[in-house]
Each structure stands twice: as C-alpha cells, then as structure tokens.
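Encoded as structure tokens, the structure appears first; notes follow it.
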Amino acid sequence: MADPTKRLDSNAPGNFFVDATCINCDTCRQLAPSSFEEIGGYSAVSTQPQDADGVHHAYQALLACPVGSIGTEQNDGVGLKTAMGSFPLHLDDGVSYCGFNSEKSFGANSFFIEHGNGNWLIDSPRYVKHLIDMFERRGGLAHIFLTHKDDVADADKYAAHFGAEQIIHQADLEAAPSAERIIHGEEMVRIGSEFQIIPVPGHTAGSMVLLYKNRFLFTGDHLWWDSQSQVLDAPTRLVWKRWTLMDSLRKLLDYRFEWVLAGHGDRVHLPSSDMQRHLLALLERREKRSGLP
Ligand code: SF4
C-alpha cells in the first residue's frame with residue numbers, strides 16, 4: 001500500500017498519488033498515460049484523472065504497480081473492484097495483458113493466450129489469487145514461455161499450480177532450472193501450427209521471442225515500442241553481446257507480425273508492412289550509430 005506520508009511533491013494535488021517507493025518501471029505510464037508521467041526519476045500523477053475512464057485506468061495502474069507505490073486519499077472500493085475485474089486485459093484475438101506486474105522482474109509485463117490446445121502464459125506476473133482464478137476459469141495454463149532469465153518472477157508457482165511446462169533457453173536456464181522444455185541453439189522451433197519460438201540472443205545469451213499466428217510477437221526485453229518517439233527500439237544498456245543483438249534484430253525481418261508485446265516498454269499494433277518499415281529503420285539507426293557502412 002502506498003504511504004501518504006511519502007507522497008512525492010511532484011504529484012498534482014488530488015486523490016491519486018505516487019509515493020517515494022516508486023522504482024520507475026513505467027507500468028503506470030503505459031496503462032494511464034494521461035495521468036502518469038516520469039518526473040525526476042520517479043513516476044508521478046501529473047494530471048488527476050478527469051473522467052470515469054481516466055479513474056478506471058488509474059486504478060488499473062494502481063493494481064499493476066509492482067511495488068504498491070500508487071495510492072488514493074479516498075478509497076473507492078467499486079472502482080478498485082472494477083479495475084481488478086478487467087485483468088487479464090484483453091488486447092486482441094484471445095491475447096491479454098495480465099497486469100499485476102512483479103517486482104521480481106522489475107515490473108515486466110506478462111501476457112496470456114487463450115488457446116484451444118492449451119493456454120499460454122508469457123513471462124510471469126505476481127502470483128495472485130485473482131489471476132489464478134481467472135486462469136482456472138479459462139482452462140488453466142499448459143505452457144509458460146520465458147522470454148529470458150530476468151522476467152521469470154513467479155513462473156514456478158504458476159507452473160506447479162497448473163501443471164504447466166516452463167519453456168526457457170538453455171543459456172538462461174539458471175533462472176528456471178526446473179523448466180520442462182529447454183530450447184537449444186539459434187534455430188526457430190515450431191510448436192503446433194501457430195507458435196514459433198525464435199532465439200534472439202543479445203540482451204541475454206538466452207533471450208527468445210514467441211511469434212503467435214504470424215501476428216503477435218512477444219519480445220521480452222529484445223524489442224519494444226517507444227510511444228514518445230513513435231519508433232521501435234531495442235536495448236542499448238545491459239546487453240550481453242551488441243553484435244549478436246543486431247543479428248537477432250535482423251533475423252526478425254524474415255517474419256511478419258502486427259503486434260509487439262514487450263516485457264519492458266510499450267506495446268504496439270500496426271500493419272505488418274509498417275512494422276517491417278520500423279524494424280528496418282531501427283537497424284539503420286543502430287548501424288549508423290556504430291559507424292557501419
Ligand atoms: S508502476 Fe509503480 S513503480 Fe512503476 S513507475 Fe508507476 S508508480 Fe513507479
């Protein structure tokens with residue numbers, strides 16, 4: 001629970017506030033961009049929500065915040081309950097954002113795919129009753145895909161509860177040593193007709209993305225949308241091997257996708273031709289920066 005005595009001065013006066021325990025993970029700014037901004041290395045409520053929609057999004061941010069840094073002066077139980085019921089937040093065609101980001105993954109986003117041959121969890125949210133119940137109601141979990149070693153969070157608890165297999169790359173296995181399915185090397189691996197696992201070493205040695213239906217690309221920390229600059233972006237810090245990262249970004253030009261669903265960074269939905277254009281532009285920027293012809 002956020003502590004009103006630690007309320008940051010950068011918050012606009014009013015009901016919602018961020019306290020000084022914020023770890024600046026960006027989750028609230030993705031969910032409620034009209035209310036939350038980055039100010040002085042923290043998030044803050046720059047504009048109090050103006051209408052019912054804004055209040056709803058601010059409560060979603062409050063619930064998704066991995067460290068409980070968002071609070072209200074006056075509690076609205078109904079608003080909170082409605083926001084709770086909105087998770088997992090449906091995005092498109094059975095794909096949802098889970099909410100309840102975990103501090104163990106520095107607030108990374110996780111996603112849920114409802115699928116006839118068994119549901120998927122992509123990276124892990126906090127292990128919370130609400131999500132356990134919601135997954136149970138939708139048929140449980142069969143697969144837990146771990147994009148890389150940093151975003152594992154409570155995957156082992158979900159795996160144990162649902163009897164789901166965890167999938168991780170051998171190079172990042174230290175984060176999930178009990179994983180049932182281990183991916184080796186850099187070749188794409190198909191699971192059924194709709195899922196492709198693509199190893200993309202770079203951020204970590206064992207980073208992977210998951211392509212679903214040639215539409216949804218779950219990218220972990222390999223690739224994300226920068227909504228301020230309206231471009232695709234990739235890590236410049238905390239990179240295992242820079243040249244390998246570039247090769248892994250280039251590799252994605254062979255695939256078509258409309259959604260980028262990132263662990264850290266914004267998600268985006270664009271026509272696949274635009275996505276290709278943005279990916280090429282990212283590669284050009286990076287090559288120019290590194291002085292390559
Ligand atoms: S979600 Fe919480 S920890 Fe993350 S930036 Fe917002 S207030 Fe800070």
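By order of appearance in the structure tokens: chains A, B, ..., then residues from 1 within every chain, and ligands from 1 in the order shown.
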
Find the nearest atom pair between each residue of chain A and ligand 1 for residues within 6 Å, count only C-alpha atoms and all ligand atoms, give distances in Å to one decimal, sort rows by chain and ascending number, and present the table as a tab-separated table.
residue	atom	partner	partner_atom_place_in_ligand_line	distance
A:Val18	CA	ligand 1	7 (S)	5.5
A:Cys22	CA	ligand 1	8 (Fe)	3.7
A:Ile23	CA	ligand 1	3 (S)	4.3
A:Asn24	CA	ligand 1	5 (S)	3.7
A:Cys25	CA	ligand 1	4 (Fe)	3.9
A:Asp26	CA	ligand 1	5 (S)	4.2
A:Thr27	CA	ligand 1	1 (S)	4.3
A:Cys28	CA	ligand 1	6 (Fe)	4.2
A:Ser43	CA	ligand 1	5 (S)	4.8
A:Cys65	CA	ligand 1	1 (S)	3.7
A:Pro66	CA	ligand 1	3 (S)	5.9
A:Val67	CA	ligand 1	3 (S)	5.6
A:Ser69	CA	ligand 1	7 (S)	5.0
A:Ile70	CA	ligand 1	7 (S)	5.4

Where does region 56-160 of chain A meet region 211-226 of chain A within 12 Å, residue by residue, with the nearest atom pair and distance in Å to one decimal for each, counting only C-alpha atoms, listed by chain and rising number, as JSON lines?
{"residue": "A:Leu91", "atom": "CA", "partner": "A:Phe216", "partner_atom": "CA", "distance": 10.6}
{"residue": "A:Asp92", "atom": "CA", "partner": "A:Phe216", "partner_atom": "CA", "distance": 9.3}
{"residue": "A:Asp93", "atom": "CA", "partner": "A:Phe216", "partner_atom": "CA", "distance": 9.8}
{"residue": "A:Gly94", "atom": "CA", "partner": "A:Phe216", "partner_atom": "CA", "distance": 10.9}
{"residue": "A:Val95", "atom": "CA", "partner": "A:Phe216", "partner_atom": "CA", "distance": 8.5}
{"residue": "A:Ser96", "atom": "CA", "partner": "A:Phe216", "partner_atom": "CA", "distance": 11.1}
{"residue": "A:Tyr97", "atom": "CA", "partner": "A:Phe218", "partner_atom": "CA", "distance": 11.0}
{"residue": "A:Ser105", "atom": "CA", "partner": "A:Gly220", "partner_atom": "CA", "distance": 10.8}
{"residue": "A:Phe106", "atom": "CA", "partner": "A:Asp221", "partner_atom": "CA", "distance": 11.5}
{"residue": "A:Gly107", "atom": "CA", "partner": "A:Gly220", "partner_atom": "CA", "distance": 11.8}
{"residue": "A:Ala108", "atom": "CA", "partner": "A:Gly220", "partner_atom": "CA", "distance": 8.1}
{"residue": "A:Asn109", "atom": "CA", "partner": "A:Gly220", "partner_atom": "CA", "distance": 8.2}
{"residue": "A:Ser110", "atom": "CA", "partner": "A:Gly220", "partner_atom": "CA", "distance": 8.7}
{"residue": "A:Phe111", "atom": "CA", "partner": "A:Phe218", "partner_atom": "CA", "distance": 8.3}
{"residue": "A:Phe112", "atom": "CA", "partner": "A:Phe218", "partner_atom": "CA", "distance": 10.6}
{"residue": "A:Ile113", "atom": "CA", "partner": "A:Tyr212", "partner_atom": "CA", "distance": 9.2}
{"residue": "A:Glu114", "atom": "CA", "partner": "A:Tyr212", "partner_atom": "CA", "distance": 11.5}
{"residue": "A:His115", "atom": "CA", "partner": "A:Tyr212", "partner_atom": "CA", "distance": 10.7}
{"residue": "A:Trp120", "atom": "CA", "partner": "A:Tyr212", "partner_atom": "CA", "distance": 10.6}
{"residue": "A:Leu121", "atom": "CA", "partner": "A:Phe218", "partner_atom": "CA", "distance": 10.7}
{"residue": "A:Ile122", "atom": "CA", "partner": "A:Phe218", "partner_atom": "CA", "distance": 7.5}
{"residue": "A:Asp123", "atom": "CA", "partner": "A:Gly220", "partner_atom": "CA", "distance": 7.9}
{"residue": "A:Ser124", "atom": "CA", "partner": "A:Gly220", "partner_atom": "CA", "distance": 11.0}
{"residue": "A:Phe145", "atom": "CA", "partner": "A:Phe218", "partner_atom": "CA", "distance": 9.6}
{"residue": "A:Leu146", "atom": "CA", "partner": "A:Gly220", "partner_atom": "CA", "distance": 8.3}
{"residue": "A:Thr147", "atom": "CA", "partner": "A:Gly220", "partner_atom": "CA", "distance": 5.2}
{"residue": "A:His148", "atom": "CA", "partner": "A:Gly220", "partner_atom": "CA", "distance": 7.0}
{"residue": "A:Lys149", "atom": "CA", "partner": "A:Gly220", "partner_atom": "CA", "distance": 9.9}
{"residue": "A:Asp150", "atom": "CA", "partner": "A:Asp221", "partner_atom": "CA", "distance": 9.0}
{"residue": "A:Asp151", "atom": "CA", "partner": "A:Gly220", "partner_atom": "CA", "distance": 7.7}
{"residue": "A:Val152", "atom": "CA", "partner": "A:Gly220", "partner_atom": "CA", "distance": 10.5}

**Message:** I'd like to know which residues of region 41-172 of chain A are alpha helix (DSSP H) (by DSSP, run on the backbone); could you write them as an MDAnalysis selection string?
**Reply:** chainID A and resid 52:64 77:85 129:137 155:162

Write a file of the just-selected residues containing C-alpha atoms, as a PDB file, in the first residue's frame.
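The file below, part13.pdb, is the result:
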ATOM      1  CA  ALA A  52     -14.625   7.785 -15.329  1.00  0.00           C
ATOM      2  CA  ASP A  53     -12.328   6.283 -17.966  1.00  0.00           C
ATOM      3  CA  GLY A  54      -9.337   8.096 -16.520  1.00  0.00           C
ATOM      4  CA  VAL A  55     -10.186   6.902 -12.992  1.00  0.00           C
ATOM      5  CA  HIS A  56     -10.535   3.327 -14.269  1.00  0.00           C
ATOM      6  CA  HIS A  57      -7.101   3.449 -15.918  1.00  0.00           C
ATOM      7  CA  ALA A  58      -5.540   4.973 -12.797  1.00  0.00           C
ATOM      8  CA  TYR A  59      -6.952   2.096 -10.695  1.00  0.00           C
ATOM      9  CA  GLN A  60      -5.585  -0.394 -13.240  1.00  0.00           C
ATOM     10  CA  ALA A  61      -2.165   1.253 -12.809  1.00  0.00           C
ATOM     11  CA  LEU A  62      -2.537   1.070  -9.020  1.00  0.00           C
ATOM     12  CA  LEU A  63      -3.145  -2.692  -9.221  1.00  0.00           C
ATOM     13  CA  ALA A  64      -0.435  -3.354 -11.796  1.00  0.00           C
ATOM     14  CA  GLY A  77     -13.950   0.106  -3.447  1.00  0.00           C
ATOM     15  CA  VAL A  78     -16.180  -0.169  -6.508  1.00  0.00           C
ATOM     16  CA  GLY A  79     -13.616   1.485  -8.798  1.00  0.00           C
ATOM     17  CA  LEU A  80     -10.883  -0.785  -7.486  1.00  0.00           C
ATOM     18  CA  LYS A  81     -13.036  -3.894  -7.894  1.00  0.00           C
ATOM     19  CA  THR A  82     -13.975  -2.954 -11.467  1.00  0.00           C
ATOM     20  CA  ALA A  83     -10.315  -2.406 -12.341  1.00  0.00           C
ATOM     21  CA  MET A  84      -9.419  -5.754 -10.742  1.00  0.00           C
ATOM     22  CA  GLY A  85     -12.065  -7.492 -12.870  1.00  0.00           C
ATOM     23  CA  LYS A 129      -5.460 -15.164  -6.349  1.00  0.00           C
ATOM     24  CA  HIS A 130      -7.352 -13.052  -8.852  1.00  0.00           C
ATOM     25  CA  LEU A 131      -5.204 -14.242 -11.782  1.00  0.00           C
ATOM     26  CA  ILE A 132      -5.111 -17.845 -10.569  1.00  0.00           C
ATOM     27  CA  ASP A 133      -8.941 -17.841 -10.503  1.00  0.00           C
ATOM     28  CA  MET A 134      -9.192 -16.174 -13.906  1.00  0.00           C
ATOM     29  CA  PHE A 135      -6.760 -18.645 -15.500  1.00  0.00           C
ATOM     30  CA  GLU A 136      -8.634 -21.537 -13.873  1.00  0.00           C
ATOM     31  CA  ARG A 137     -11.940 -20.308 -15.280  1.00  0.00           C
ATOM     32  CA  ALA A 155       6.590 -18.717 -13.106  1.00  0.00           C
ATOM     33  CA  ASP A 156       7.497 -21.729 -10.971  1.00  0.00           C
ATOM     34  CA  LYS A 157       4.451 -21.164  -8.727  1.00  0.00           C
ATOM     35  CA  TYR A 158       2.081 -20.919 -11.707  1.00  0.00           C
ATOM     36  CA  ALA A 159       3.738 -23.996 -13.260  1.00  0.00           C
ATOM     37  CA  ALA A 160       3.300 -26.004 -10.050  1.00  0.00           C
ATOM     38  CA  HIS A 161      -0.328 -24.909  -9.579  1.00  0.00           C
ATOM     39  CA  PHE A 162      -1.439 -25.647 -13.149  1.00  0.00           C
TER      40      PHE A 162
END

**Asked** Using only C-alpha atoms, which residue out of A:Ile183, A:Arg286, A:Trp259, A:His269 lies closest to Asp233 (chain A)?
**Response**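 So, comparing all the options, the nearest one is A:Arg286.
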
**Request:** Step one, run DSSP on the backbone; step two, keep only residues of region 17-217 of chain A assigned to strand (DSSP E); then write them as an MDAnalysis selection string.
**Result:** chainID A and resid 17:18 36:39 42:45 70:72 89:92 95:97 111:113 120:122 143:145 165:169 181:183 189:191 195:199 208:212 216:217

Residues from the last selection, C-alpha atoms, saved as a JSON list (two decimals), in the first residue's frame:
[["chain", "number", "residue", "atom", "x", "y", "z"],
["A", 17, "PHE", "CA", -0.60, 9.87, -5.83],
["A", 18, "VAL", "CA", 2.73, 8.05, -6.19],
["A", 36, "PHE", "CA", 1.14, 9.45, -15.01],
["A", 37, "GLU", "CA", 4.44, 10.96, -16.15],
["A", 38, "GLU", "CA", 8.09, 10.46, -15.35],
["A", 39, "ILE", "CA", 9.26, 13.37, -13.20],
["A", 42, "TYR", "CA", 10.05, 8.60, -10.48],
["A", 43, "SER", "CA", 6.54, 8.40, -11.83],
["A", 44, "ALA", "CA", 4.05, 10.95, -10.56],
["A", 45, "VAL", "CA", 0.41, 11.81, -11.13],
["A", 70, "ILE", "CA", 0.32, 4.21, -6.14],
["A", 71, "GLY", "CA", -2.32, 5.23, -3.63],
["A", 72, "THR", "CA", -5.51, 7.22, -3.21],
["A", 89, "LEU", "CA", -6.88, -7.09, -20.05],
["A", 90, "HIS", "CA", -7.99, -8.36, -23.46],
["A", 91, "LEU", "CA", -5.99, -6.91, -26.35],
["A", 92, "ASP", "CA", -6.93, -8.89, -29.46],
["A", 95, "VAL", "CA", -4.39, -12.38, -26.24],
["A", 96, "SER", "CA", -4.40, -10.42, -22.95],
["A", 97, "TYR", "CA", -2.04, -8.40, -20.79],
["A", 111, "PHE", "CA", 0.72, -11.89, -21.27],
["A", 112, "PHE", "CA", -1.89, -14.65, -21.52],
["A", 113, "ILE", "CA", -3.01, -16.51, -24.65],
["A", 120, "TRP", "CA", -0.03, -19.91, -22.61],
["A", 121, "LEU", "CA", 1.49, -17.51, -20.12],
["A", 122, "ILE", "CA", 4.31, -15.34, -21.46],
["A", 143, "HIS", "CA", 2.74, -23.61, -21.30],
["A", 144, "ILE", "CA", 4.75, -20.85, -19.64],
["A", 145, "PHE", "CA", 7.10, -19.21, -22.13],
["A", 165, "GLU", "CA", 5.52, -26.77, -18.71],
["A", 166, "GLN", "CA", 8.03, -23.93, -18.47],
["A", 167, "ILE", "CA", 9.96, -23.16, -21.65],
["A", 168, "ILE", "CA", 13.32, -21.41, -21.45],
["A", 169, "HIS", "CA", 16.53, -21.26, -23.46],
["A", 181, "ARG", "CA", 11.23, -27.74, -22.15],
["A", 182, "ILE", "CA", 14.68, -26.34, -22.92],
["A", 183, "ILE", "CA", 15.44, -24.64, -26.23],
["A", 189, "VAL", "CA", 11.30, -24.07, -33.03],
["A", 190, "ARG", "CA", 7.65, -24.65, -34.01],
["A", 191, "ILE", "CA", 5.04, -25.74, -31.50],
["A", 195, "PHE", "CA", 3.55, -20.88, -32.38],
["A", 196, "GLN", "CA", 7.15, -20.19, -33.34],
["A", 197, "ILE", "CA", 9.90, -19.81, -30.77],
["A", 198, "ILE", "CA", 12.75, -17.69, -32.14],
["A", 199, "PRO", "CA", 16.01, -17.46, -30.18],
["A", 208, "MET", "CA", 13.85, -15.61, -27.13],
["A", 209, "VAL", "CA", 10.71, -14.18, -28.72],
["A", 210, "LEU", "CA", 7.44, -16.01, -29.34],
["A", 211, "LEU", "CA", 5.52, -15.46, -32.58],
["A", 212, "TYR", "CA", 1.84, -16.44, -32.45],
["A", 216, "PHE", "CA", 1.65, -11.38, -32.15],
["A", 217, "LEU", "CA", 5.36, -11.08, -31.29]]

**Item:** Which residue of A:Phe16, A:Trp240, A:Phe87, A:Phe257 approaches Asp172 (chain A) most closely, using only C-alpha atoms
**Value:**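 Of A:Phe16, A:Trp240, A:Phe87, A:Phe257, the one nearest Asp172 (chain A) is A:Trp240, counting only C-alpha atoms.
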
**Request:** May I ask for the distance between CA of Pro33 (chain A) and CA of Leu280 (chain A), given in Å to one decimal place?
**Result:**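 Separation between CA of Pro33 (chain A) and CA of Leu280 (chain A): 27.4 Å.
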
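Shortest separation to Thr47 (chain A) among A:Pro88, A:Leu31, A:Leu245, A:Gly14 occurs at residue A:Gly14, atoms counted being only C-alpha atoms.
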
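Between CA of His184 (chain A) and CA of Leu282 (chain A) there is a distance of 27.3 Å.
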
**Fill in**
Taken to one decimal, the CA of Ser86 (chain A)-CA of Gly99 (chain A) distance is 9.2 Å

**Request:** Name all residues at most 8 Å from Ser248 (chain A) (count only C-alpha atoms; drop same-chain ones fewer than 5 positions away) and give them as a list in words.
**Result:**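 Once the nearby chain positions are removed, what remains is Pro199, Val200, Pro201 and Gly202 of chain A.
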
Requested write-out: N, CA and C atoms of the selected residues, as an mmCIF file, in the first residue's frame:
data_model
loop_
_atom_site.group_PDB
_atom_site.id
_atom_site.type_symbol
_atom_site.label_atom_id
_atom_site.label_comp_id
_atom_site.auth_asym_id
_atom_site.auth_seq_id
_atom_site.Cartn_x
_atom_site.Cartn_y
_atom_site.Cartn_z
ATOM 1 N N PRO A 199 14.927 -17.937 -31.044
ATOM 2 C CA PRO A 199 16.012 -17.461 -30.183
ATOM 3 C C PRO A 199 16.589 -16.150 -30.725
ATOM 4 N N VAL A 200 16.726 -15.165 -29.854
ATOM 5 C CA VAL A 200 17.250 -13.852 -30.262
ATOM 6 C C VAL A 200 18.310 -13.397 -29.243
ATOM 7 N N PRO A 201 19.439 -14.092 -29.146
ATOM 8 C CA PRO A 201 20.442 -13.700 -28.156
ATOM 9 C C PRO A 201 20.884 -12.254 -28.382
ATOM 10 N N GLY A 202 21.221 -11.597 -27.299
ATOM 11 C CA GLY A 202 21.662 -10.196 -27.411
ATOM 12 C C GLY A 202 21.531 -9.510 -26.070
#
